[in-house]
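To be precise, the following lines are final_38.csv, and they hold CSV, C-alpha atoms.
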chain,number,residue,atom,x,y,z
A,169,MET,CA,3.2,-66.0,183.1
A,170,LEU,CA,5.2,-63.2,184.7
A,171,THR,CA,4.2,-60.5,182.4
A,172,SER,CA,0.5,-61.4,182.1
A,173,ASN,CA,0.0,-59.9,185.6
A,174,PHE,CA,1.0,-56.5,184.3
A,175,VAL,CA,-1.3,-56.6,181.3
A,176,ARG,CA,-4.3,-54.2,181.9
A,177,ILE,CA,-7.1,-54.8,179.5
A,178,GLN,CA,-9.8,-52.7,181.1
A,179,PRO,CA,-9.6,-48.9,181.0
A,180,PHE,CA,-11.0,-48.7,184.5
A,181,GLU,CA,-10.3,-49.8,188.1
A,182,LEU,CA,-11.7,-53.1,189.2
A,183,PRO,CA,-12.4,-54.3,192.8
A,184,ALA,CA,-9.3,-55.6,194.5
A,185,SER,CA,-9.0,-59.2,195.5
A,186,ASP,CA,-6.4,-61.9,195.6
A,187,SER,CA,-8.8,-64.6,194.6
A,188,LYS,CA,-8.0,-66.5,191.4
A,189,THR,CA,-10.2,-68.8,189.5
A,190,VAL,CA,-10.0,-70.8,186.3
A,191,ALA,CA,-13.1,-70.3,184.2
A,192,PRO,CA,-14.2,-72.0,181.0
A,193,VAL,CA,-14.9,-70.1,177.7
A,194,SER,CA,-16.6,-66.9,178.7
A,195,ILE,CA,-18.8,-64.1,177.6
A,196,VAL,CA,-17.5,-60.8,178.9
A,197,VAL,CA,-20.1,-58.3,180.3
A,198,SER,CA,-18.6,-55.0,181.3
A,199,ILE,CA,-20.4,-52.5,183.5
A,200,THR,CA,-19.1,-49.0,184.3
A,201,LYS,CA,-20.2,-47.0,187.3
A,202,ASP,CA,-22.2,-44.8,185.0
A,203,GLY,CA,-24.3,-47.7,184.0
A,204,VAL,CA,-22.8,-48.3,180.5
A,205,TYR,CA,-23.0,-52.0,179.5
A,206,ASP,CA,-20.8,-53.9,177.0
A,207,VAL,CA,-21.4,-57.5,175.9
A,208,ASP,CA,-18.2,-59.0,174.3
A,209,ASN,CA,-16.9,-55.5,173.7
A,210,ALA,CA,-20.1,-54.3,171.9
A,211,PRO,CA,-22.2,-51.6,173.6
A,212,CYS,CA,-25.5,-52.8,174.9
A,213,ARG,CA,-28.6,-51.2,176.4
A,214,ARG,CA,-29.7,-52.4,179.8
A,215,GLU,CA,-33.0,-53.6,178.4
A,216,ASP,CA,-31.3,-55.6,175.7
A,217,LEU,CA,-28.8,-57.2,178.2
A,218,ALA,CA,-30.7,-60.5,178.8
A,219,GLY,CA,-31.3,-61.0,175.1
A,220,ARG,CA,-27.7,-60.3,174.1
A,221,ILE,CA,-26.3,-62.6,176.8
A,222,THR,CA,-28.8,-65.4,175.9
A,223,ALA,CA,-27.8,-65.1,172.2
A,224,ALA,CA,-24.1,-65.2,173.0
A,225,VAL,CA,-24.6,-68.3,175.3
A,226,ARG,CA,-26.7,-70.0,172.5
A,227,LYS,CA,-24.0,-69.2,170.0
A,228,LEU,CA,-21.4,-71.1,172.1
A,229,ASN,CA,-23.8,-74.0,172.4
A,230,ASP,CA,-22.2,-75.5,175.5
A,231,PRO,CA,-23.8,-74.0,178.7
A,232,GLU,CA,-22.0,-76.4,180.9
A,233,HIS,CA,-18.6,-75.1,179.9
A,234,THR,CA,-19.6,-71.4,179.5
A,235,ALA,CA,-19.0,-68.7,182.0
A,236,ILE,CA,-20.1,-65.1,182.1
A,237,THR,CA,-17.2,-62.9,183.2
A,238,ILE,CA,-18.6,-59.7,184.9
A,239,VAL,CA,-16.2,-56.8,184.7
A,240,ALA,CA,-17.6,-54.2,186.9
A,241,GLU,CA,-15.9,-50.9,187.5
A,242,THR,CA,-15.1,-49.8,191.1
A,243,GLY,CA,-18.1,-47.7,192.3
A,244,THR,CA,-20.7,-49.8,190.4
A,245,ASP,CA,-23.8,-50.5,192.3
A,246,PHE,CA,-24.0,-54.2,193.2
A,247,GLU,CA,-27.6,-54.6,191.9
A,248,LYS,CA,-26.2,-54.1,188.4
A,249,VAL,CA,-24.0,-57.2,189.0
A,250,THR,CA,-27.0,-59.0,190.6
A,251,GLU,CA,-29.0,-58.5,187.4
A,252,VAL,CA,-26.3,-60.2,185.3
A,253,LEU,CA,-26.0,-63.0,188.0
A,254,GLY,CA,-29.7,-63.6,187.6
A,255,ILE,CA,-29.4,-63.9,183.8
A,256,ALA,CA,-26.5,-66.4,184.3
A,257,ALA,CA,-28.6,-68.4,186.8
A,258,ALA,CA,-31.5,-68.5,184.4
A,259,LEU,CA,-29.3,-69.7,181.6
A,260,LYS,CA,-27.6,-72.2,183.9
A,261,VAL,CA,-24.1,-70.9,183.1
A,262,GLN,CA,-21.3,-70.1,185.5
A,263,ALA,CA,-20.6,-66.5,186.5
A,264,ILE,CA,-17.4,-64.9,187.7
A,265,LEU,CA,-16.5,-61.4,188.8
A,266,ALA,CA,-13.3,-60.0,187.5
A,267,THR,CA,-11.0,-58.4,190.0
A,268,GLN,CA,-7.5,-57.0,190.1
A,269,PRO,CA,-4.7,-58.0,192.4
A,270,LYS,CA,-4.3,-56.0,195.6
A,271,SER,CA,-1.1,-54.0,195.2
B,130,MET,CA,55.9,-72.0,151.2
B,131,GLY,CA,53.1,-74.4,151.8
B,132,PHE,CA,50.7,-72.4,154.0
B,133,LYS,CA,47.4,-74.0,154.5
B,134,LYS,CA,44.5,-72.1,153.0
B,135,ARG,CA,42.1,-70.9,155.8
B,136,SER,CA,38.7,-72.4,155.5
B,137,LYS,CA,36.2,-69.7,154.8
B,138,VAL,CA,33.4,-69.0,157.3
B,139,SER,CA,30.1,-69.6,155.8
B,140,ALA,CA,27.9,-66.5,155.7
B,141,GLU,CA,24.7,-68.5,155.2
B,142,PHE,CA,22.1,-68.5,158.0
B,143,ASN,CA,20.8,-71.9,159.1
B,144,MET,CA,17.1,-71.6,159.4
B,145,SER,CA,16.6,-75.0,161.0
B,146,SER,CA,18.0,-73.9,164.4
B,147,LEU,CA,15.7,-70.9,164.4
B,148,THR,CA,12.6,-73.0,163.8
B,149,ASP,CA,13.7,-75.3,166.6
B,150,ILE,CA,13.8,-72.3,169.0
B,151,ILE,CA,10.5,-71.0,167.8
B,152,PHE,CA,8.8,-74.4,168.3
B,153,LEU,CA,10.3,-74.7,171.8
B,154,LEU,CA,9.0,-71.2,172.7
B,155,LEU,CA,5.6,-72.1,171.2
B,156,ILE,CA,5.3,-75.3,173.3
B,157,PHE,CA,6.5,-73.4,176.4
B,158,PHE,CA,3.8,-70.7,176.1
B,159,MET,CA,1.1,-73.2,175.3
B,160,LEU,CA,1.8,-75.1,178.5
B,161,THR,CA,2.4,-72.2,180.8
B,162,SER,CA,-0.6,-70.1,179.5
B,163,THR,CA,-3.0,-72.8,180.9
B,164,LEU,CA,-1.5,-72.3,184.4
B,165,VAL,CA,-2.3,-68.5,184.4
B,166,ALA,CA,-5.5,-68.1,186.4
B,167,PRO,CA,-7.1,-64.7,186.1
B,168,ASN,CA,-8.0,-62.7,189.2
B,169,ALA,CA,-11.7,-63.3,189.7
B,170,ILE,CA,-14.3,-64.4,192.2
B,171,ASN,CA,-16.5,-67.4,191.3
B,172,PHE,CA,-20.2,-67.3,192.2
B,173,ASN,CA,-22.1,-70.5,193.0
B,174,LEU,CA,-25.4,-69.7,191.4
B,175,PRO,CA,-28.7,-71.4,192.4
B,176,GLY,CA,-29.7,-74.2,190.0
B,177,SER,CA,-26.1,-75.2,189.3
B,178,SER,CA,-24.8,-78.6,190.3
B,179,GLN,CA,-23.9,-77.5,193.9
B,180,LYS,CA,-24.4,-79.8,196.8
B,181,ARG,CA,-27.1,-78.5,199.1
B,182,VAL,CA,-26.4,-78.4,202.7
B,183,GLU,CA,-29.5,-78.2,204.9
B,184,SER,CA,-28.9,-76.4,208.2
B,185,THR,CA,-31.3,-75.5,211.0
B,186,ARG,CA,-28.6,-73.4,212.7
B,187,SER,CA,-29.0,-69.6,212.5
B,188,LEU,CA,-26.2,-68.1,210.5
B,189,ASP,CA,-24.3,-64.9,211.2
B,190,GLU,CA,-25.3,-62.0,209.0
B,191,ILE,CA,-23.0,-59.4,207.4
B,192,ARG,CA,-24.8,-56.4,206.0
B,193,ILE,CA,-23.3,-53.9,203.6
B,194,ASN,CA,-25.1,-50.6,203.1
B,195,SER,CA,-24.9,-48.0,200.4
B,196,THR,CA,-22.5,-45.8,202.2
B,197,GLY,CA,-19.9,-48.6,202.5
B,198,ARG,CA,-20.6,-49.4,206.2
B,199,TYR,CA,-20.4,-53.0,207.4
B,200,TYR,CA,-22.6,-54.6,210.1
B,201,TYR,CA,-21.9,-57.9,211.7
B,202,ASN,CA,-25.1,-59.2,213.3
B,203,ASN,CA,-26.4,-55.6,213.3
B,204,ARG,CA,-23.3,-54.3,214.9
B,205,ASN,CA,-21.4,-51.6,212.9
B,206,ILE,CA,-17.8,-52.7,212.5
B,207,THR,CA,-14.8,-51.8,210.3
B,208,LEU,CA,-13.3,-54.2,207.7
B,209,ILE,CA,-10.4,-54.9,210.0
B,210,GLU,CA,-12.8,-55.9,212.8
B,211,MET,CA,-14.7,-58.0,210.3
B,212,GLU,CA,-11.5,-59.9,209.4
B,213,GLN,CA,-10.9,-60.6,213.1
B,214,GLN,CA,-14.6,-61.7,213.6
B,215,LEU,CA,-14.4,-64.1,210.6
B,216,GLN,CA,-11.1,-65.4,211.8
B,217,ARG,CA,-12.7,-66.2,215.2
B,218,LEU,CA,-15.7,-67.8,213.4
B,219,SER,CA,-13.5,-70.2,211.3
B,220,ALA,CA,-10.8,-70.9,214.0
B,221,GLY,CA,-10.4,-74.5,214.8
B,222,LYS,CA,-13.1,-75.6,212.4
B,223,GLU,CA,-13.1,-77.7,209.3
B,224,PRO,CA,-12.7,-75.5,206.1
B,225,LYS,CA,-16.1,-74.6,204.6
B,226,SER,CA,-18.0,-75.8,207.6
B,227,GLU,CA,-19.1,-72.3,208.6
B,228,SER,CA,-21.4,-70.1,206.6
B,229,VAL,CA,-22.4,-66.4,206.6
B,230,ILE,CA,-25.2,-64.5,205.0
B,231,ILE,CA,-24.1,-61.4,203.1
B,232,SER,CA,-27.0,-59.0,202.9
B,233,ILE,CA,-26.4,-56.3,200.3
B,234,ASP,CA,-28.4,-53.1,200.6
B,235,LYS,CA,-29.6,-51.3,197.4
B,236,GLY,CA,-26.8,-48.9,196.3
B,237,ALA,CA,-24.0,-50.9,197.9
B,238,LYS,CA,-20.8,-50.8,195.8
B,239,VAL,CA,-19.2,-53.8,194.2
B,240,GLU,CA,-15.8,-53.2,195.8
B,241,ASP,CA,-17.4,-53.3,199.3
B,242,VAL,CA,-19.0,-56.6,198.5
B,243,VAL,CA,-15.8,-58.0,197.0
B,244,ALA,CA,-13.9,-57.0,200.1
B,245,VAL,CA,-16.2,-59.1,202.3
B,246,MET,CA,-16.3,-62.0,199.9
B,247,ASP,CA,-12.5,-61.9,199.8
B,248,LEU,CA,-12.4,-62.3,203.6
B,249,THR,CA,-14.8,-65.3,203.5
B,250,LEU,CA,-12.6,-66.9,200.8
B,251,LYS,CA,-9.5,-66.2,202.9
B,252,PHE,CA,-11.0,-68.0,206.0
B,253,GLU,CA,-12.8,-70.6,203.9
B,254,ILE,CA,-16.3,-69.7,205.0
B,255,ASN,CA,-19.3,-70.4,202.8
B,256,ARG,CA,-21.3,-67.3,201.9
B,257,VAL,CA,-24.9,-66.7,200.9
B,258,LEU,CA,-25.5,-63.5,199.0
B,259,ALA,CA,-28.8,-61.8,199.8
B,260,PRO,CA,-29.1,-58.7,197.7
B,261,GLU,CA,-32.0,-56.3,198.4
B,262,LYS,CA,-34.5,-56.2,195.6
As structure tokens:
Amino acid sequence: MLTSNFVRIQPFELPASDSKTVAPVSIVVSITKDGVYDVDNAPCRREDLAGRITAAVRKLNDPEHTAITIVAETGTDFEKVTEVLGIAAALKVQAILATQPKS
Amino acid sequence: MGFKKRSKVSAEFNMSSLTDIIFLLLIFFMLTSTLVAPNAINFNLPGSSQKRVESTRSLDEIRINSTGRYYYNNRNITLIEMEQQLQRLSAGKEPKSESVIISIDKGAKVEDVVAVMDLTLKFEINRVLAPEK
């Protein structure tokens, strides 16, 4: 509990926020400010994003308890996040935006 | 002389106490790991099972542009002024009874949007995201 706050998984800076949320099983979509997308740590082209996320959600087979965690690097245009939010809304799954604590 | 023979100290290692400790640690981490909430912001997406609140009242609008400037009802303000404005908006009211529209211009950065969302969460104000298409 104490040490988990110091564990940094992402190699880049995330937006700072003190908000915390408990999310169900999630699919992780990372977006860098250069527009590089990863779905569950596998590189993905922008045009394949919807298909890859849909496949990942179907694989989990429980949309009610599935969330898409959007890990967007600081400096990323918000419309890239909006695109993923749109996919999540169409699939009727939750969406959360990963942040890092304000230091 | 009848000295008593000292009892020998056993050099054997008792594994049962070690497994006890391991199981205790395992249970401790299993229980506490569920209490760790990751830093994240939750979005209430349309179509989800959210309660709809109909309102005829006009809502205050926060606009974020691509250069990171904030506008509160078309007035250019800083983030500190925004915090004061939102504090005034929520003062003396029931939590989640007030709402704001967050209009996001094309090219606005994610950290600027998160900064505003963070303030609305702090003052328990509902937010409606309106990104520019």
field: A:Ile238 surroundings by all atoms listed in the file, 9 Å radius, close-in-sequence under 2 positions cut, as JSON, numbers by chain
entry: {"A": [195, 196, 197, 198, 199, 236, 240, 249, 252, 253, 263, 264, 265, 266]}
Taking all atoms listed in the file into account, produce a table as JSON lines in which each residue of chain A with an atom at most 7 Å from an atom of chain B appears once, together with its shortest atom pair and the distance in Å to one decimal, ordered by chain and rising number.
{"residue": "A:Met169", "atom": "CA", "partner": "B:Val165", "partner_atom": "CA", "distance": 6.2}
{"residue": "A:Pro183", "atom": "CA", "partner": "B:Glu240", "partner_atom": "CA", "distance": 4.7}
{"residue": "A:Ser185", "atom": "CA", "partner": "B:Asp247", "partner_atom": "CA", "distance": 6.2}
{"residue": "A:Asp186", "atom": "CA", "partner": "B:Asn168", "partner_atom": "CA", "distance": 6.6}
{"residue": "A:Ser187", "atom": "CA", "partner": "B:Asn168", "partner_atom": "CA", "distance": 5.8}
{"residue": "A:Lys188", "atom": "CA", "partner": "B:Asn168", "partner_atom": "CA", "distance": 4.4}
{"residue": "A:Thr189", "atom": "CA", "partner": "B:Ala166", "partner_atom": "CA", "distance": 5.7}
{"residue": "A:Val190", "atom": "CA", "partner": "B:Ala166", "partner_atom": "CA", "distance": 5.2}
{"residue": "A:Thr242", "atom": "CA", "partner": "B:Glu240", "partner_atom": "CA", "distance": 5.8}
{"residue": "A:Gly243", "atom": "CA", "partner": "B:Lys238", "partner_atom": "CA", "distance": 5.4}
{"residue": "A:Thr244", "atom": "CA", "partner": "B:Lys238", "partner_atom": "CA", "distance": 5.5}
{"residue": "A:Asp245", "atom": "CA", "partner": "B:Lys238", "partner_atom": "CA", "distance": 4.6}
{"residue": "A:Phe246", "atom": "CA", "partner": "B:Val239", "partner_atom": "CA", "distance": 4.9}
{"residue": "A:Glu247", "atom": "CA", "partner": "B:Lys235", "partner_atom": "CA", "distance": 6.7}
{"residue": "A:Ala257", "atom": "CA", "partner": "B:Leu174", "partner_atom": "CA", "distance": 5.8}
{"residue": "A:Lys260", "atom": "CA", "partner": "B:Ser177", "partner_atom": "CA", "distance": 6.4}
{"residue": "A:Ala263", "atom": "CA", "partner": "B:Phe172", "partner_atom": "CA", "distance": 5.8}
{"residue": "A:Ile264", "atom": "CA", "partner": "B:Asn171", "partner_atom": "CA", "distance": 4.5}
{"residue": "A:Leu265", "atom": "CA", "partner": "B:Ile170", "partner_atom": "CA", "distance": 5.0}
{"residue": "A:Ala266", "atom": "CA", "partner": "B:Ala169", "partner_atom": "CA", "distance": 4.3}
{"residue": "A:Thr267", "atom": "CA", "partner": "B:Ala169", "partner_atom": "CA", "distance": 5.0}
{"residue": "A:Gln268", "atom": "CA", "partner": "B:Asn168", "partner_atom": "CA", "distance": 5.8}
{"residue": "A:Pro269", "atom": "CA", "partner": "B:Asn168", "partner_atom": "CA", "distance": 6.6}
field: Residue neighbourhood B:Thr207, 12 Å, only C-alpha atoms, exclusion window fewer than 2 positions, as a ChimeraX atom specification
entry: /B:191-193,197-201,204-205,209-214,241,244-245
task: Choose the residue, out of B:Ser228, B:Ser139, B:Thr148, B:Ser219, that has the smallest atom-to-atom separation from B:Glu190; count only C-alpha atoms.
output: B:Ser228
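Across the structure, atom CA of A:Val261 and atom CA of A:Ser194 are spaced 9.6 Å apart.
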task: Please measure the separation of atom CA of B:Asn203 and atom CA of B:Glu223, giving the value in Å to one decimal.
output: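 It comes out at 26.1 Å.
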message: Rounded to one decimal, what separation in Å do you get between atom CA of A:Lys248 and atom CA of A:Ile221?
response: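 Computing the Euclidean distance for atom CA of A:Lys248 and atom CA of A:Ile221 yields 14.4 Å.
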task: In the coordinate frame of the file, compute which residues have an atom within 7 Å of (-26.5, -70.1, 203.3) when using all atoms listed in the file, and state them as a VMD selection string.
output: chain B and resid 228 to 230 256 to 257
Could you rebuild stretch 221-237 of chain B with N, CA and C atoms and give it back as a compact mmCIF listing (two decimals), in the coordinates of the input?
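Dumped everything to selection_29.txt:
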# COMPACT_ATOMS: atom_id res chain seq x y z
N GLY B 221 -10.25 -73.16 214.28
CA GLY B 221 -10.40 -74.50 214.80
C GLY B 221 -11.46 -75.35 214.19
N LYS B 222 -12.03 -74.88 213.09
CA LYS B 222 -13.10 -75.60 212.40
C LYS B 222 -12.65 -76.13 211.07
N GLU B 223 -13.37 -77.12 210.59
CA GLU B 223 -13.10 -77.70 209.30
C GLU B 223 -13.29 -76.56 208.21
N PRO B 224 -12.46 -76.50 207.16
CA PRO B 224 -12.70 -75.50 206.10
C PRO B 224 -14.09 -75.72 205.49
N LYS B 225 -14.75 -74.65 205.19
CA LYS B 225 -16.10 -74.60 204.60
C LYS B 225 -17.20 -75.22 205.45
N SER B 226 -16.94 -75.30 206.74
CA SER B 226 -18.00 -75.80 207.60
C SER B 226 -18.85 -74.68 208.16
N GLU B 227 -18.35 -73.46 208.07
CA GLU B 227 -19.10 -72.30 208.60
C GLU B 227 -19.68 -71.53 207.37
N SER B 228 -20.81 -70.86 207.62
CA SER B 228 -21.40 -70.10 206.60
C SER B 228 -21.88 -68.71 207.11
N VAL B 229 -21.90 -67.71 206.26
CA VAL B 229 -22.40 -66.40 206.60
C VAL B 229 -23.39 -65.93 205.56
N ILE B 230 -24.34 -65.09 205.95
CA ILE B 230 -25.20 -64.50 205.00
C ILE B 230 -24.70 -63.07 204.72
N ILE B 231 -24.53 -62.72 203.47
CA ILE B 231 -24.10 -61.40 203.10
C ILE B 231 -25.30 -60.62 202.56
N SER B 232 -25.89 -59.76 203.38
CA SER B 232 -27.00 -59.00 202.90
C SER B 232 -26.51 -57.67 202.29
N ILE B 233 -26.93 -57.44 201.08
CA ILE B 233 -26.40 -56.30 200.30
C ILE B 233 -27.54 -55.28 200.11
N ASP B 234 -27.40 -54.12 200.71
CA ASP B 234 -28.40 -53.10 200.60
C ASP B 234 -28.39 -52.51 199.14
N LYS B 235 -29.50 -51.92 198.74
CA LYS B 235 -29.60 -51.30 197.40
C LYS B 235 -28.56 -50.11 197.42
N GLY B 236 -27.78 -50.02 196.38
CA GLY B 236 -26.80 -48.90 196.30
C GLY B 236 -25.43 -49.28 196.85
N ALA B 237 -25.29 -50.49 197.42
CA ALA B 237 -24.00 -50.90 197.90
C ALA B 237 -23.03 -51.10 196.74
